[in-house]
Each structure stands twice: as C-alpha cells, then as structure tokens.
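Shown next, in structure tokens, is the structure this report addresses.
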Amino acid sequence: MVETIASLLRRSAALASVSDTPRLDIEVLLGHVLQKSRTYLFTWPEHALSEDEYRLFEALFERRLRGEPVAHLTGSREFWSLSLSVSPATLIPRPDTELLVETALQLPLPESAKVIDLGTGTGAIALALACEQPAWQVVAVDAVDAAVILADTNRRQLGLLNVDIRQSDWFAALGDLRFDLVISNPPYIDSSDPHLQQGDVRFEPKSALVAEGRGLADLETIIQQAPVHLNNGGWLLLEHGWQQAQAVRELMQAAGFDRVETRQDLGGRDRATLGQWTDSA
Ligand code: GLN
C-alpha cells in the first residue's frame, strides 16, 4: 500500500498516549524523513513516500510510540532560532531556557563582556549568546566529556569563533578566571519528583536533571562559588524550578548578591533568578 503524507499524518491519534503534541511530532518526523519543511507537508498532502522513506518513518514512529523524544529521533532541536545537534548525553534544550538568553541580553554588560555558561550541555545558552553578541567572549563548560564534544560540534556547525568550550565540573578547571556574567541551567529536580517518570525526561541523563537537597544542591554550589569568579558589578543568572525561586533568592542574598530578582517564563512561572555582585571596598 502506498503511504502518503496525508495518510501518515492521520496516525497522530496513535501517539496521543505518549505525547502532548502528537500531530506536531508526526510533522517533524515526516519533515526529517523527507528532508522538507512543514510548509511542504501542507502543500503536498498526496505526495507518496518511497519505500525507503516509509521504512525510515515507520522505524522512527515505533520508537516515538515507545516514548523516545522526537529530538533524539531527528538528532536536532531548535533553540533561539539555532538548529542544534542533540544526543542522549545531554538535556534537550527547552523553550523555557530562552528566558535566560533573553534576560542576559538585557543586562547592563560591557561591550566585550566575558561570559561563562556552566553545564552547557548542547551549548544552547552559550551559542545563542555568542551569536547575538559577537563581541562577547563566551566560555562554556560541562563536566561530561560527551557534552563537551557535542557543544563544540554545535559551535563549529554555527561557525562561532567567540565561544571556548571546555571540560570542567562547574568552576573547578577555571583557576582564577573572572567573568561579567555567570549563567547556568543546572540540574534542579528533586530525585523523588514523579515528573521524572513521565515523557521525554525518562530519556535524558539524570546528571543533567536531578540534584540533591530537594533539587537545590547544584544551584547552591554555583551561588557559593560564583563571587570569586565575578568581576566587580558582574551578574549571576540561574534557571531553577518554578517552586524554587524564593529559596534561590535567599541563597543569593545570603551569599552577598544585590539587586536579586526573579523572572517568569512564557507560562508565567518563576523560572530564573539573577543578582549582581559588588566587591566590598
Ligand atoms: N526544566 C526541565 C524540566 O522540568 C529541567 C531542567 C533542569 O533540570 N535543568 O524538565
């Protein structure tokens, strides 16, 4: 039987039990198989797939039915208008994290600001900032070797020369380097959170998602270590869980940060907190 774009799009109903976005998932998988845009799918619904294309679609559809994230099936994900390679070695970039990029771009930073992205994963935050601000010098670190390799692959694919990607467990390998902005989307989910048993997160590394101390341990480590790596007047900007804002503000205030405030994501949930560091006279 010949399968067309229209007939395969009708399979979205079967995905409803594993996905909140079944129709979009099929569109992305079909676009990936055919190497075509979504517009093409709507323009040519009667286009028939070749046998090879259909076999590939079928294999990806089966994996999606078993819960694998679409981004792992296509090997890429859009973030801040950049197409990034992804792998099971890192977190899949989330639209929520674009709030960090947006907030960073609004900060009063020097023309050629020195920025560090801690736990960069695919490199999403660092690469988006480097792309928007070519004069910034961005360092991006991750403790996981496979993430460092992936982030550097993304950097090369985007042709960005103002990003230096290195292996480091938070600040450990950075000596006494100082920055104007320390930015991070660290792991912040509590290990008992039922959300970890559902959807895409089941296929992402726990090391990128889960932290001790009700999810606050890595946020706290970064807040405590950041001051010695910040220039006078520099900023710390962190993503966190929507119920962690107050705890993060308190940790930042206790560590001596000023102008501490929380920003909301597109869903109106507390998602990022920032503070400014001033060296004491
Ligand atoms: N926001 C992600 C989620 O809830 C988690 C990201 C993270 O732990 N840094 O799935």
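Ordering of the structure tokens sets the chain letters (A, B, ...); residue numbers start at 1 within each chain; ligands are numbered from 1 in the order shown.
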
Near-stretch 89-106 of chain A list (8 Å; only C-alpha atoms; drop same-chain fewer than 2 positions) as a PDB file with N, CA, C and O atoms, in the first residue's frame:
```
ATOM      1  N   ALA A  71      13.360  14.813  19.535  1.00  0.00           N
ATOM      2  CA  ALA A  71      14.693  15.387  19.280  1.00  0.00           C
ATOM      3  C   ALA A  71      15.766  14.289  19.199  1.00  0.00           C
ATOM      4  O   ALA A  71      16.747  14.439  18.477  1.00  0.00           O
ATOM      5  N   ARG A  77      17.366  19.909  17.542  1.00  0.00           N
ATOM      6  CA  ARG A  77      16.306  20.691  18.179  1.00  0.00           C
ATOM      7  C   ARG A  77      16.603  22.168  17.959  1.00  0.00           C
ATOM      8  O   ARG A  77      17.764  22.589  17.992  1.00  0.00           O
ATOM      9  N   GLU A  78      15.543  22.927  17.700  1.00  0.00           N
ATOM     10  CA  GLU A  78      15.695  24.376  17.544  1.00  0.00           C
ATOM     11  C   GLU A  78      15.764  25.041  18.909  1.00  0.00           C
ATOM     12  O   GLU A  78      14.981  24.692  19.806  1.00  0.00           O
ATOM     13  N   PHE A  79      16.675  25.968  19.073  1.00  0.00           N
ATOM     14  CA  PHE A  79      16.729  26.778  20.293  1.00  0.00           C
ATOM     15  C   PHE A  79      17.143  28.181  19.883  1.00  0.00           C
ATOM     16  O   PHE A  79      18.180  28.352  19.233  1.00  0.00           O
ATOM     17  N   TRP A  80      16.334  29.179  20.237  1.00  0.00           N
ATOM     18  CA  TRP A  80      16.673  30.568  19.908  1.00  0.00           C
ATOM     19  C   TRP A  80      17.018  30.701  18.422  1.00  0.00           C
ATOM     20  O   TRP A  80      18.032  31.281  18.060  1.00  0.00           O
ATOM     21  N   VAL A  86      21.552  17.244  19.023  1.00  0.00           N
ATOM     22  CA  VAL A  86      21.314  16.755  20.391  1.00  0.00           C
ATOM     23  C   VAL A  86      21.672  15.276  20.453  1.00  0.00           C
ATOM     24  O   VAL A  86      21.763  14.613  19.419  1.00  0.00           O
ATOM     25  N   SER A  87      21.877  14.785  21.665  1.00  0.00           N
ATOM     26  CA  SER A  87      22.132  13.353  21.846  1.00  0.00           C
ATOM     27  C   SER A  87      21.657  12.970  23.237  1.00  0.00           C
ATOM     28  O   SER A  87      21.394  13.850  24.067  1.00  0.00           O
ATOM     29  N   PRO A 108      22.950  45.198  31.837  1.00  0.00           N
ATOM     30  CA  PRO A 108      23.935  46.229  31.512  1.00  0.00           C
ATOM     31  C   PRO A 108      25.340  45.633  31.597  1.00  0.00           C
ATOM     32  O   PRO A 108      25.975  45.665  32.643  1.00  0.00           O
ATOM     33  N   GLY A 121      25.803  21.536  28.284  1.00  0.00           N
ATOM     34  CA  GLY A 121      25.036  20.503  27.552  1.00  0.00           C
ATOM     35  C   GLY A 121      25.276  20.593  26.058  1.00  0.00           C
ATOM     36  O   GLY A 121      26.410  20.482  25.592  1.00  0.00           O
ATOM     37  N   THR A 122      24.222  20.871  25.281  1.00  0.00           N
ATOM     38  CA  THR A 122      24.369  21.041  23.831  1.00  0.00           C
ATOM     39  C   THR A 122      25.100  22.330  23.469  1.00  0.00           C
ATOM     40  O   THR A 122      25.416  22.546  22.306  1.00  0.00           O
ATOM     41  N   ALA A 124      23.540  25.231  24.136  1.00  0.00           N
ATOM     42  CA  ALA A 124      22.426  26.113  23.739  1.00  0.00           C
ATOM     43  C   ALA A 124      22.575  27.562  24.223  1.00  0.00           C
ATOM     44  O   ALA A 124      22.536  28.492  23.406  1.00  0.00           O
ATOM     45  N   ILE A 125      22.739  27.742  25.526  1.00  0.00           N
ATOM     46  CA  ILE A 125      22.752  29.119  26.062  1.00  0.00           C
ATOM     47  C   ILE A 125      23.979  29.865  25.539  1.00  0.00           C
ATOM     48  O   ILE A 125      23.876  30.994  25.034  1.00  0.00           O
ATOM     49  N   ALA A 128      23.718  30.684  21.760  1.00  0.00           N
ATOM     50  CA  ALA A 128      22.726  31.733  21.469  1.00  0.00           C
ATOM     51  C   ALA A 128      23.291  33.109  21.840  1.00  0.00           C
ATOM     52  O   ALA A 128      23.160  34.075  21.080  1.00  0.00           O
ATOM     53  N   LEU A 129      23.956  33.188  23.006  1.00  0.00           N
ATOM     54  CA  LEU A 129      24.524  34.481  23.429  1.00  0.00           C
ATOM     55  C   LEU A 129      25.652  34.911  22.497  1.00  0.00           C
ATOM     56  O   LEU A 129      25.738  36.079  22.096  1.00  0.00           O
ATOM     57  N   ALA A 146      31.144  13.815  26.757  1.00  0.00           N
ATOM     58  CA  ALA A 146      30.293  13.727  25.560  1.00  0.00           C
ATOM     59  C   ALA A 146      29.558  15.045  25.313  1.00  0.00           C
ATOM     60  O   ALA A 146      29.283  15.400  24.162  1.00  0.00           O
ATOM     61  N   ALA A 147      29.243  15.767  26.381  1.00  0.00           N
ATOM     62  CA  ALA A 147      28.581  17.067  26.217  1.00  0.00           C
ATOM     63  C   ALA A 147      29.560  18.089  25.637  1.00  0.00           C
ATOM     64  O   ALA A 147      29.197  18.882  24.769  1.00  0.00           O
ATOM     65  N   ILE A 183      26.242  32.289  33.937  1.00  0.00           N
ATOM     66  CA  ILE A 183      24.878  31.875  33.597  1.00  0.00           C
ATOM     67  C   ILE A 183      24.819  30.352  33.634  1.00  0.00           C
ATOM     68  O   ILE A 183      25.798  29.687  33.273  1.00  0.00           O
ATOM     69  N   ASN A 185      21.927  26.719  33.520  1.00  0.00           N
ATOM     70  CA  ASN A 185      20.710  25.936  33.718  1.00  0.00           C
ATOM     71  C   ASN A 185      21.170  24.607  34.313  1.00  0.00           C
ATOM     72  O   ASN A 185      21.364  23.634  33.599  1.00  0.00           O
ATOM     73  N   GLU A 204      16.537  11.378  29.203  1.00  0.00           N
ATOM     74  CA  GLU A 204      17.616  12.351  29.367  1.00  0.00           C
ATOM     75  C   GLU A 204      18.479  11.948  30.566  1.00  0.00           C
ATOM     76  O   GLU A 204      18.010  11.264  31.478  1.00  0.00           O
ATOM     77  N   PRO A 205      19.764  12.361  30.583  1.00  0.00           N
ATOM     78  CA  PRO A 205      20.642  11.916  31.674  1.00  0.00           C
ATOM     79  C   PRO A 205      20.229  12.511  33.019  1.00  0.00           C
ATOM     80  O   PRO A 205      19.986  13.712  33.121  1.00  0.00           O
ATOM     81  N   ALA A 208      21.908  15.580  34.356  1.00  0.00           N
ATOM     82  CA  ALA A 208      21.539  16.910  33.865  1.00  0.00           C
ATOM     83  C   ALA A 208      20.237  17.399  34.479  1.00  0.00           C
ATOM     84  O   ALA A 208      19.855  18.558  34.302  1.00  0.00           O
ATOM     85  N   LEU A 209      19.533  16.513  35.191  1.00  0.00           N
ATOM     86  CA  LEU A 209      18.195  16.846  35.687  1.00  0.00           C
ATOM     87  C   LEU A 209      18.097  16.919  37.203  1.00  0.00           C
ATOM     88  O   LEU A 209      17.437  17.793  37.752  1.00  0.00           O
ATOM     89  N   LEU A 237      23.115  34.585  36.833  1.00  0.00           N
ATOM     90  CA  LEU A 237      21.767  34.352  36.299  1.00  0.00           C
ATOM     91  C   LEU A 237      21.523  32.856  36.208  1.00  0.00           C
ATOM     92  O   LEU A 237      22.243  32.147  35.495  1.00  0.00           O
ATOM     93  N   LEU A 238      20.523  32.374  36.950  1.00  0.00           N
ATOM     94  CA  LEU A 238      20.288  30.927  37.067  1.00  0.00           C
ATOM     95  C   LEU A 238      18.858  30.534  36.726  1.00  0.00           C
ATOM     96  O   LEU A 238      17.903  31.185  37.169  1.00  0.00           O
ATOM     97  N   GLU A 239      18.719  29.429  35.985  1.00  0.00           N
ATOM     98  CA  GLU A 239      17.400  28.821  35.823  1.00  0.00           C
ATOM     99  C   GLU A 239      17.135  27.914  37.026  1.00  0.00           C
ATOM    100  O   GLU A 239      18.067  27.350  37.598  1.00  0.00           O
ATOM    101  N   GLN A 264       9.846  35.451  35.089  1.00  0.00           N
ATOM    102  CA  GLN A 264       8.916  34.368  34.749  1.00  0.00           C
ATOM    103  C   GLN A 264       9.106  33.891  33.308  1.00  0.00           C
ATOM    104  O   GLN A 264       9.428  34.685  32.429  1.00  0.00           O
ATOM    105  N   ASP A 265       8.838  32.583  33.099  1.00  0.00           N
ATOM    106  CA  ASP A 265       8.913  32.024  31.743  1.00  0.00           C
ATOM    107  C   ASP A 265       7.610  32.322  30.979  1.00  0.00           C
ATOM    108  O   ASP A 265       6.708  32.995  31.495  1.00  0.00           O
ATOM    109  N   LEU A 266       7.509  31.796  29.759  1.00  0.00           N
ATOM    110  CA  LEU A 266       6.349  32.074  28.911  1.00  0.00           C
ATOM    111  C   LEU A 266       5.048  31.598  29.538  1.00  0.00           C
ATOM    112  O   LEU A 266       3.982  32.134  29.276  1.00  0.00           O
ATOM    113  N   ARG A 271      11.066  31.207  36.883  1.00  0.00           N
ATOM    114  CA  ARG A 271      11.958  30.265  36.189  1.00  0.00           C
ATOM    115  C   ARG A 271      13.423  30.673  36.263  1.00  0.00           C
ATOM    116  O   ARG A 271      14.311  29.822  36.081  1.00  0.00           O
ATOM    117  N   ALA A 272      13.703  31.960  36.501  1.00  0.00           N
ATOM    118  CA  ALA A 272      15.107  32.402  36.517  1.00  0.00           C
ATOM    119  C   ALA A 272      15.290  33.470  37.585  1.00  0.00           C
ATOM    120  O   ALA A 272      14.405  34.303  37.788  1.00  0.00           O
TER     121      ALA A 272
END
```

message = Excluding A:Leu109 and its own-chain neighbours fewer than 4 positions away, which residues fall within 10 Å of it when counting only C-alpha atoms? Please give them as a list in words.
response = Ala104, Leu105, Ala113, Lys114, Val115, Trp136, Asp180, Leu181, Gly233, Gly234 and Trp235 of chain A

Store the residues picked out above, limited to N, CA, C and O atoms, as a short mmCIF file (atom, residue, chain, number, x, y, z; two decimals), in the first residue's frame.
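File again-v3.cif, as written:
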```cif
data_model
loop_
_atom_site.label_atom_id
_atom_site.label_comp_id
_atom_site.auth_asym_id
_atom_site.auth_seq_id
_atom_site.Cartn_x
_atom_site.Cartn_y
_atom_site.Cartn_z
N ALA A 104 19.73 37.70 29.86
CA ALA A 104 21.16 38.03 29.77
C ALA A 104 21.38 39.17 28.78
O ALA A 104 22.19 40.08 29.03
N LEU A 105 20.64 39.15 27.66
CA LEU A 105 20.84 40.17 26.63
C LEU A 105 20.36 41.55 27.08
O LEU A 105 20.76 42.56 26.50
N ALA A 113 31.82 41.73 26.86
CA ALA A 113 31.65 41.03 28.14
C ALA A 113 32.26 39.63 28.11
O ALA A 113 32.24 38.95 27.08
N LYS A 114 32.79 39.23 29.25
CA LYS A 114 33.26 37.86 29.43
C LYS A 114 32.17 37.08 30.14
O LYS A 114 31.71 37.48 31.21
N VAL A 115 31.75 35.98 29.50
CA VAL A 115 30.59 35.24 29.98
C VAL A 115 30.96 33.78 30.15
O VAL A 115 31.71 33.23 29.35
N TRP A 136 31.11 39.52 22.54
CA TRP A 136 31.27 38.85 23.83
C TRP A 136 32.23 37.67 23.69
O TRP A 136 32.30 37.02 22.64
N ASP A 180 32.01 38.67 33.60
CA ASP A 180 30.99 39.69 33.83
C ASP A 180 29.61 39.07 34.00
O ASP A 180 28.70 39.71 34.52
N LEU A 181 29.47 37.85 33.50
CA LEU A 181 28.19 37.13 33.65
C LEU A 181 28.46 35.65 33.83
O LEU A 181 29.18 35.04 33.03
N GLY A 233 30.62 44.19 39.88
CA GLY A 233 29.45 44.60 39.09
C GLY A 233 28.92 43.50 38.17
O GLY A 233 27.96 43.73 37.43
N GLY A 234 29.54 42.32 38.23
CA GLY A 234 29.10 41.22 37.37
C GLY A 234 27.80 40.57 37.86
O GLY A 234 27.36 40.80 38.99
N TRP A 235 27.20 39.77 37.00
CA TRP A 235 25.88 39.19 37.28
C TRP A 235 25.92 37.67 37.32
O TRP A 235 26.65 37.03 36.55
#
```

Per-residue DSSP, stretch 14-128 of chain A, filtered to strand (DSSP E), as number ranges by chain = A: 76-79, 82-85, 114-118

task = Write out as a list of chain:residue names each polymer residue whose atoms come within 12 Å of A:Ser17, counting only C-alpha atoms; drop sequence neighbours fewer than 3 positions from it.
result =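 Near A:Ser17, the qualifying residues are A:Ser12, A:Ala13, A:Ala14, A:Asp20, A:Thr21, A:Pro22, A:Arg64, A:Leu65, A:Arg66, A:Gly67, A:Gln198, A:Gly199.
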
request  = Check the DSSP output for the backbone and give back, as number ranges by chain, the residues of stretch 26-230 of chain A in alpha helix (DSSP H).
outcome  = A: 26-34, 38-43, 51-65, 70-74, 98-106, 124-132, 145-158, 206-209, 217-225
